[in-house]
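The file protein.csv contains CSV, C-alpha atoms:
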```csv
chain,number,residue,atom,x,y,z
G,1,MET,CA,39.8,19.2,169.1
G,2,LYS,CA,39.7,17.0,166.0
G,3,VAL,CA,40.7,13.3,165.9
G,4,ILE,CA,40.8,11.0,162.9
G,5,CYS,CA,40.3,7.2,163.3
G,6,VAL,CA,41.9,5.4,160.4
G,7,CYS,CA,41.4,2.1,158.7
G,8,GLY,CA,42.1,0.7,155.3
G,9,MET,CA,38.7,1.3,153.9
G,10,GLY,CA,37.2,3.9,156.2
G,11,LEU,CA,33.9,2.1,156.7
G,12,GLY,CA,34.2,-0.8,159.0
G,13,THR,CA,36.9,-0.9,161.6
G,14,SER,CA,37.5,2.8,161.7
G,15,ILE,CA,33.8,3.4,162.5
G,16,LEU,CA,34.0,1.0,165.4
G,17,LEU,CA,37.1,2.9,166.6
G,18,LYS,CA,35.3,6.2,166.1
G,19,MET,CA,32.4,5.0,168.3
G,20,ASN,CA,34.6,3.9,171.1
G,21,THR,CA,36.7,7.1,170.8
G,22,ASP,CA,33.6,9.2,171.2
G,23,LYS,CA,32.8,7.2,174.3
G,24,ALA,CA,36.4,7.7,175.6
G,25,MET,CA,36.2,11.5,174.9
G,26,LYS,CA,32.9,11.7,176.8
G,27,GLN,CA,34.4,9.9,179.8
G,28,LEU,CA,37.4,12.2,179.7
G,29,GLY,CA,35.1,15.2,179.5
G,30,ILE,CA,36.7,16.4,176.2
G,31,ASP,CA,34.6,18.0,173.5
G,32,ALA,CA,36.0,16.4,170.3
G,33,ASP,CA,35.1,16.0,166.7
G,34,VAL,CA,36.0,12.4,165.8
G,35,ASP,CA,36.0,11.3,162.2
G,36,ALA,CA,36.5,7.9,160.6
G,37,ALA,CA,38.6,7.8,157.4
G,38,ASP,CA,40.5,5.6,155.1
G,39,ILE,CA,44.3,6.0,154.8
G,40,GLY,CA,44.2,8.2,151.7
G,41,THR,CA,41.6,10.6,153.2
G,42,ALA,CA,43.5,10.6,156.5
G,43,LYS,CA,46.7,11.7,154.8
G,44,GLY,CA,44.8,14.6,153.2
G,45,ALA,CA,42.9,15.6,156.3
G,46,ALA,CA,45.8,15.4,158.8
G,47,GLY,CA,46.5,19.1,158.5
G,48,GLN,CA,43.1,19.9,160.1
G,49,ALA,CA,43.3,17.2,162.9
G,50,ASP,CA,45.1,17.1,166.3
G,51,PHE,CA,46.0,13.4,166.2
G,52,VAL,CA,45.3,10.1,164.6
G,53,LEU,CA,44.2,6.8,166.2
G,54,THR,CA,44.7,3.6,164.2
G,55,SER,CA,46.0,0.0,164.2
G,56,ALA,CA,49.7,-1.0,164.3
G,57,GLU,CA,49.7,-2.1,160.7
G,58,LEU,CA,48.3,1.1,159.4
G,59,ALA,CA,50.4,3.3,161.7
G,60,GLU,CA,53.4,2.2,159.7
G,61,GLU,CA,51.7,3.4,156.5
G,62,LEU,CA,50.9,6.8,158.1
G,63,GLU,CA,54.5,7.5,159.2
G,64,GLY,CA,55.6,11.0,158.4
G,65,LEU,CA,52.3,12.7,159.2
G,66,PRO,CA,52.9,16.0,161.0
G,67,ILE,CA,50.5,15.1,163.9
G,68,PRO,CA,50.8,12.4,166.6
G,69,ILE,CA,49.7,8.9,165.7
G,70,ARG,CA,48.7,6.5,168.5
G,71,VAL,CA,48.2,2.7,168.0
G,72,ILE,CA,45.1,1.1,169.4
G,73,ASN,CA,45.4,-2.7,169.7
G,74,ASN,CA,41.9,-3.5,171.0
G,75,PHE,CA,39.3,-1.2,169.3
G,76,MET,CA,36.7,-2.4,171.7
G,77,ASP,CA,38.7,-1.3,174.8
G,78,VAL,CA,37.6,2.2,175.7
G,79,ASP,CA,40.2,2.3,178.5
G,80,GLU,CA,43.0,1.7,176.1
G,81,ILE,CA,41.7,4.4,173.9
G,82,SER,CA,41.4,6.8,176.8
G,83,ALA,CA,44.9,6.1,177.8
G,84,ALA,CA,46.1,6.9,174.3
G,85,ILE,CA,44.2,10.1,174.2
G,86,THR,CA,45.6,11.1,177.6
G,87,ASP,CA,49.1,10.3,176.5
G,88,VAL,CA,48.8,12.5,173.4
G,89,LEU,CA,47.3,15.4,175.4
G,90,ASN,CA,50.0,15.2,178.0
G,91,LEU,CA,52.6,15.4,175.3
G,92,GLU,CA,51.0,18.5,173.9
G,93,GLN,CA,51.0,20.3,177.2
G,94,LEU,CA,54.8,19.9,177.8
N,1,MET,CA,6.2,-4.6,155.7
N,2,THR,CA,9.3,-6.4,156.7
N,3,GLU,CA,10.9,-7.2,153.3
N,4,SER,CA,13.0,-4.1,152.9
N,5,VAL,CA,16.1,-3.5,154.9
N,6,ALA,CA,16.0,-0.3,156.9
N,7,PRO,CA,18.7,2.2,155.9
N,8,HIS,CA,19.9,2.5,159.5
N,9,GLY,CA,19.3,-1.2,160.3
N,10,ALA,CA,19.8,-2.8,163.6
N,11,LEU,CA,22.0,-5.9,163.7
N,12,SER,CA,18.9,-8.1,163.3
N,13,ASP,CA,18.0,-6.2,160.1
N,14,LEU,CA,21.4,-6.6,158.5
N,15,LEU,CA,22.5,-10.0,159.8
N,16,PRO,CA,20.1,-12.7,158.4
N,17,ALA,CA,19.7,-15.7,160.6
N,18,SER,CA,20.9,-17.8,157.7
N,19,ALA,CA,24.2,-15.8,157.6
N,20,VAL,CA,25.2,-17.2,161.0
N,21,GLU,CA,27.3,-20.3,161.1
N,22,ALA,CA,28.9,-22.1,164.1
N,23,GLN,CA,31.7,-24.6,164.4
N,24,VAL,CA,33.2,-23.7,161.0
N,25,GLU,CA,36.3,-25.5,160.0
N,26,ALA,CA,39.1,-23.3,158.6
N,27,THR,CA,42.8,-24.1,158.5
N,28,ASP,CA,44.0,-20.6,157.9
N,29,TRP,CA,42.8,-17.0,157.8
N,30,ARG,CA,42.0,-17.1,154.1
N,31,GLU,CA,39.5,-20.0,154.7
N,32,ALA,CA,38.0,-18.1,157.6
N,33,ILE,CA,37.4,-15.0,155.5
N,34,ARG,CA,36.1,-17.2,152.7
N,35,ALA,CA,33.6,-18.7,155.1
N,36,SER,CA,32.3,-15.3,156.0
N,37,GLY,CA,32.2,-14.2,152.4
N,38,ASP,CA,30.4,-17.4,151.3
N,39,LEU,CA,27.6,-16.4,153.8
N,40,LEU,CA,27.4,-12.9,152.4
N,41,THR,CA,27.1,-14.5,148.9
N,42,SER,CA,24.5,-17.1,149.8
N,43,THR,CA,22.3,-14.5,151.6
N,44,GLY,CA,22.5,-12.1,148.7
N,45,SER,CA,24.5,-9.3,150.1
N,46,ALA,CA,27.5,-9.6,147.8
N,47,THR,CA,29.0,-11.5,144.8
N,48,PRO,CA,31.8,-14.0,145.2
N,49,ALA,CA,34.2,-11.3,143.9
N,50,TYR,CA,33.6,-9.4,147.1
N,51,THR,CA,35.1,-12.3,149.1
N,52,GLU,CA,38.2,-12.0,147.0
N,53,GLN,CA,38.3,-8.3,147.7
N,54,MET,CA,38.2,-8.9,151.4
N,55,ILE,CA,41.1,-11.2,151.2
N,56,ALA,CA,43.0,-8.8,148.9
N,57,ALA,CA,42.5,-6.0,151.5
N,58,ILE,CA,44.3,-8.1,154.1
N,59,ASP,CA,47.1,-8.9,151.7
N,60,LYS,CA,47.4,-5.2,151.1
N,61,PHE,CA,47.0,-3.7,154.5
N,62,GLY,CA,47.9,-6.6,156.8
N,63,PRO,CA,45.7,-8.1,159.5
N,64,TYR,CA,44.4,-4.8,160.9
N,65,ILE,CA,40.8,-6.1,160.6
N,66,VAL,CA,41.6,-8.1,163.7
N,67,ILE,CA,40.4,-5.2,165.8
N,68,ALA,CA,39.9,-6.9,169.2
N,69,PRO,CA,41.3,-10.1,170.8
N,70,GLY,CA,39.9,-13.1,168.9
N,71,PHE,CA,37.7,-11.0,166.6
N,72,ALA,CA,38.1,-10.1,162.9
N,73,LEU,CA,35.8,-7.7,161.0
N,74,ALA,CA,36.2,-8.8,157.4
N,75,HIS,CA,35.2,-6.2,154.8
N,76,ALA,CA,36.3,-4.5,151.6
N,77,GLN,CA,35.5,-1.3,149.9
N,78,ALA,CA,31.9,-0.5,148.8
N,79,SER,CA,31.8,-1.6,145.1
N,80,GLU,CA,29.3,-3.0,142.6
N,81,ASP,CA,30.0,-6.4,144.1
N,82,VAL,CA,28.1,-5.3,147.2
N,83,LEU,CA,24.4,-6.0,146.3
N,84,HIS,CA,22.9,-4.7,149.5
N,85,THR,CA,24.3,-3.9,152.9
N,86,GLY,CA,24.5,-7.0,155.0
N,87,MET,CA,26.6,-8.9,157.5
N,88,SER,CA,27.6,-12.5,158.3
N,89,PHE,CA,28.8,-14.2,161.5
N,90,VAL,CA,31.2,-17.1,161.6
N,91,GLN,CA,32.3,-18.9,164.7
N,92,LEU,CA,35.3,-21.0,164.0
N,93,ALA,CA,35.6,-24.6,165.4
N,94,ARG,CA,39.2,-23.9,166.0
N,95,PRO,CA,40.8,-20.4,166.1
N,96,VAL,CA,43.2,-19.4,163.3
N,97,SER,CA,46.1,-17.0,163.2
N,98,PHE,CA,45.9,-13.9,161.2
N,99,GLY,CA,49.4,-12.8,162.0
N,100,HIS,CA,48.2,-10.0,164.3
N,101,LYS,CA,50.6,-9.0,167.0
N,102,THR,CA,48.2,-8.7,169.9
N,103,ASN,CA,44.8,-10.1,168.9
N,104,ASP,CA,45.5,-13.5,167.6
N,105,PRO,CA,44.1,-16.2,167.4
N,106,VAL,CA,40.8,-15.4,165.9
N,107,HIS,CA,37.6,-17.2,167.0
N,108,LEU,CA,34.9,-15.0,165.4
N,109,VAL,CA,34.7,-13.5,162.0
N,110,VAL,CA,32.1,-11.0,161.0
N,111,GLY,CA,31.7,-10.3,157.3
N,112,LEU,CA,30.5,-6.8,156.3
N,113,ALA,CA,29.3,-5.7,152.9
N,114,SER,CA,28.3,-2.1,152.9
N,115,LYS,CA,26.8,0.2,150.3
N,116,ASP,CA,27.8,3.3,152.2
N,117,HIS,CA,29.3,4.6,155.5
N,118,ASP,CA,26.1,4.9,157.5
N,119,ALA,CA,23.9,2.0,156.7
N,120,HIS,CA,25.6,-0.4,159.1
N,121,MET,CA,26.3,2.1,162.0
N,122,GLU,CA,23.6,0.9,164.4
N,123,ALA,CA,24.5,-2.8,163.7
N,124,LEU,CA,28.2,-2.2,164.3
N,125,GLN,CA,27.3,-0.4,167.5
N,126,GLN,CA,25.3,-3.4,168.8
N,127,LEU,CA,28.1,-5.7,167.8
N,128,ALA,CA,30.7,-3.5,169.6
N,129,GLY,CA,28.5,-3.7,172.7
N,130,PHE,CA,28.6,-7.5,172.6
N,131,LEU,CA,32.3,-7.6,172.0
N,132,SER,CA,33.2,-5.3,174.8
N,133,ALA,CA,31.4,-7.6,177.2
N,134,PRO,CA,33.9,-10.4,178.1
N,135,LYS,CA,31.1,-12.8,179.2
N,136,LYS,CA,29.2,-12.3,175.9
N,137,THR,CA,32.3,-12.8,173.9
N,138,GLU,CA,33.1,-16.0,175.7
N,139,GLN,CA,29.5,-17.2,175.0
N,140,LEU,CA,29.8,-16.4,171.3
N,141,ARG,CA,33.1,-18.2,171.1
N,142,SER,CA,31.8,-21.4,172.8
N,143,ALA,CA,28.3,-21.6,171.5
N,144,ALA,CA,27.6,-25.2,170.4
N,145,ASP,CA,25.5,-24.4,167.3
N,146,ALA,CA,24.1,-21.6,165.1
N,147,ASP,CA,20.8,-21.5,167.0
N,148,GLU,CA,22.7,-20.6,170.2
N,149,LEU,CA,24.5,-17.9,168.3
N,150,ARG,CA,21.3,-16.5,166.9
N,151,VAL,CA,19.9,-16.2,170.4
N,152,LEU,CA,23.1,-14.6,171.8
N,153,LEU,CA,23.1,-12.1,168.9
N,154,GLY,CA,19.4,-11.2,169.5
N,155,LEU,CA,18.3,-12.4,166.0
N,156,VAL,CA,15.6,-14.7,167.3
N,157,GLN,CA,12.3,-13.0,167.7
N,158,GLY,CA,9.9,-13.5,170.6
N,159,TYR,CA,12.2,-13.1,173.6
N,160,GLU,CA,11.2,-9.6,174.5
```
Representation of the structure as structure tokens:
Amino acid sequence: MKVICVCGMGLGTSILLKMNTDKAMKQLGIDADVDAADIGTAKGAAGQADFVLTSAELAEELEGLPIPIRVINNFMDVDEISAAITDVLNLEQL
Amino acid sequence: MTESVAPHGALSDLLPASAVEAQVEATDWREAIRASGDLLTSTGSATPAYTEQMIAAIDKFGPYIVIAPGFALAHAQASEDVLHTGMSFVQLARPVSFGHKTNDPVHLVVGLASKDHDAHMEALQQLAGFLSAPKKTEQLRSAADADELRVLLGLVQGYE
């Protein structure tokens, strides 16, 4: 499984999100490849990823991507991230 | 040798004690960002132009850098205005609004100037540890002065 964490520049906030997404994946027992990227890179890489995690502001910019996008409000909240991941995976299983 | 900054520096390597300020007065988010940028400039991490780039990034992308309740991670793209990878820490005397839907108002602003993707990983990880602990966050918000912040952030030597 491949996940992209997106922020405007791809070097600050998205890296924090990536770290906590790694933690969430470990807690959920999912083997995932989590990358941090800026918006432009994310648009290009979306074809190879399963879903995107980002902030509300940037989710609007990413609308139209062919994969699910989930908004994370608190990048420090591993539980919120876990819930978003679970939500995406449940959708895929339907 | 302690002069050089390790490429994968801990928070204490990338955040100089002099880049920590408490009880900073800011009337809006631009002033709050500017305070964090001024500290990056005065400690030699970035040029004043970098501060303007941090503000421009918010004008362009919105307040997404407010990534947790009360906390903003101010930064812009790596550019020639980043002189070396470093951070700053500002505790605001009164919180300001960034226009974020869920995480306003902001009490703490960390400024980040980074040469590349990896240099600040360890420092960010430490910071994330602090910010995911509610008690620590509260202590950082309510610290009376910069010395108290330095102890909370683990920047002061001799405690271990």
| field | Pick from N:Gly111, N:Gly154, N:Pro134, N:Gly86 nearest to Gln53 (chain N), counting all atoms listed in the file | value | N:Gly111
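Omitting Met1 (chain G) and its sequence neighbours fewer than 3 positions away, and counting only C-alpha atoms, the residues within 9 Å are Ile30, Asp31, Ala32, Asp33, Val34, Ala49, Asp50 and Phe51 of chain G.
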| message | Taking only C-alpha atoms into account, name the residue in N:Asp81, N:His120, N:Val110, N:Pro105 that is nearest to Pro48 (chain N). | response | N:Asp81
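CA of Ala26 (chain N) is found 24.2 Å from CA of Asn73 (chain G).
Proximity ranking of G:Val88, G:Ala59, G:Leu16, G:Leu53 relative to chain N places G:Leu16 first, based on only C-alpha atoms.
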| Any idea what's packed within 10 Å of Ser82 (chain G), counting only C-alpha atoms, ignoring anything in its chain fewer than 2 positions away? Could you give it as a ChimeraX atom specification? | /G:20-28,77-80,84-88
| Residue list for chain G near chain N as a ChimeraX atom specification, 6 Å, only C-alpha atoms | /G:9,11,57,74-76
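In terms of minimum interatomic distance to Ala37 (chain G), G:Cys7 ranks closest within G:Ile81, G:Leu89, G:Ile72, G:Cys7, counting only C-alpha atoms.
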| Length of the CA of Ile39 (chain G) to CA of Glu61 (chain G) vector [Å] | 8.0 Å
| field | Which of G:Asp38, G:Ala83, G:Cys5, G:Val52 sits closest to Ile69 (chain G) [using only C-alpha atoms] | value | G:Val52
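Counting from CA of Gly10 (chain G), the distance to CA of Thr41 (chain G) is 8.6 Å.
Taking only C-alpha atoms into account, Pro16 (chain N) lies nearest to N:Met87 out of the set N:Ala46, N:Met87, N:Asp28, N:Asp145.
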| said: Just want the 8 Å neighbourhood of Ala19 (chain N), counted on all atoms listed in the file, with same-chain residues fewer than 5 positions away dropped. Output as a PyMOL selection string. | reply: chain N and resi 39-40+42-43+87-89
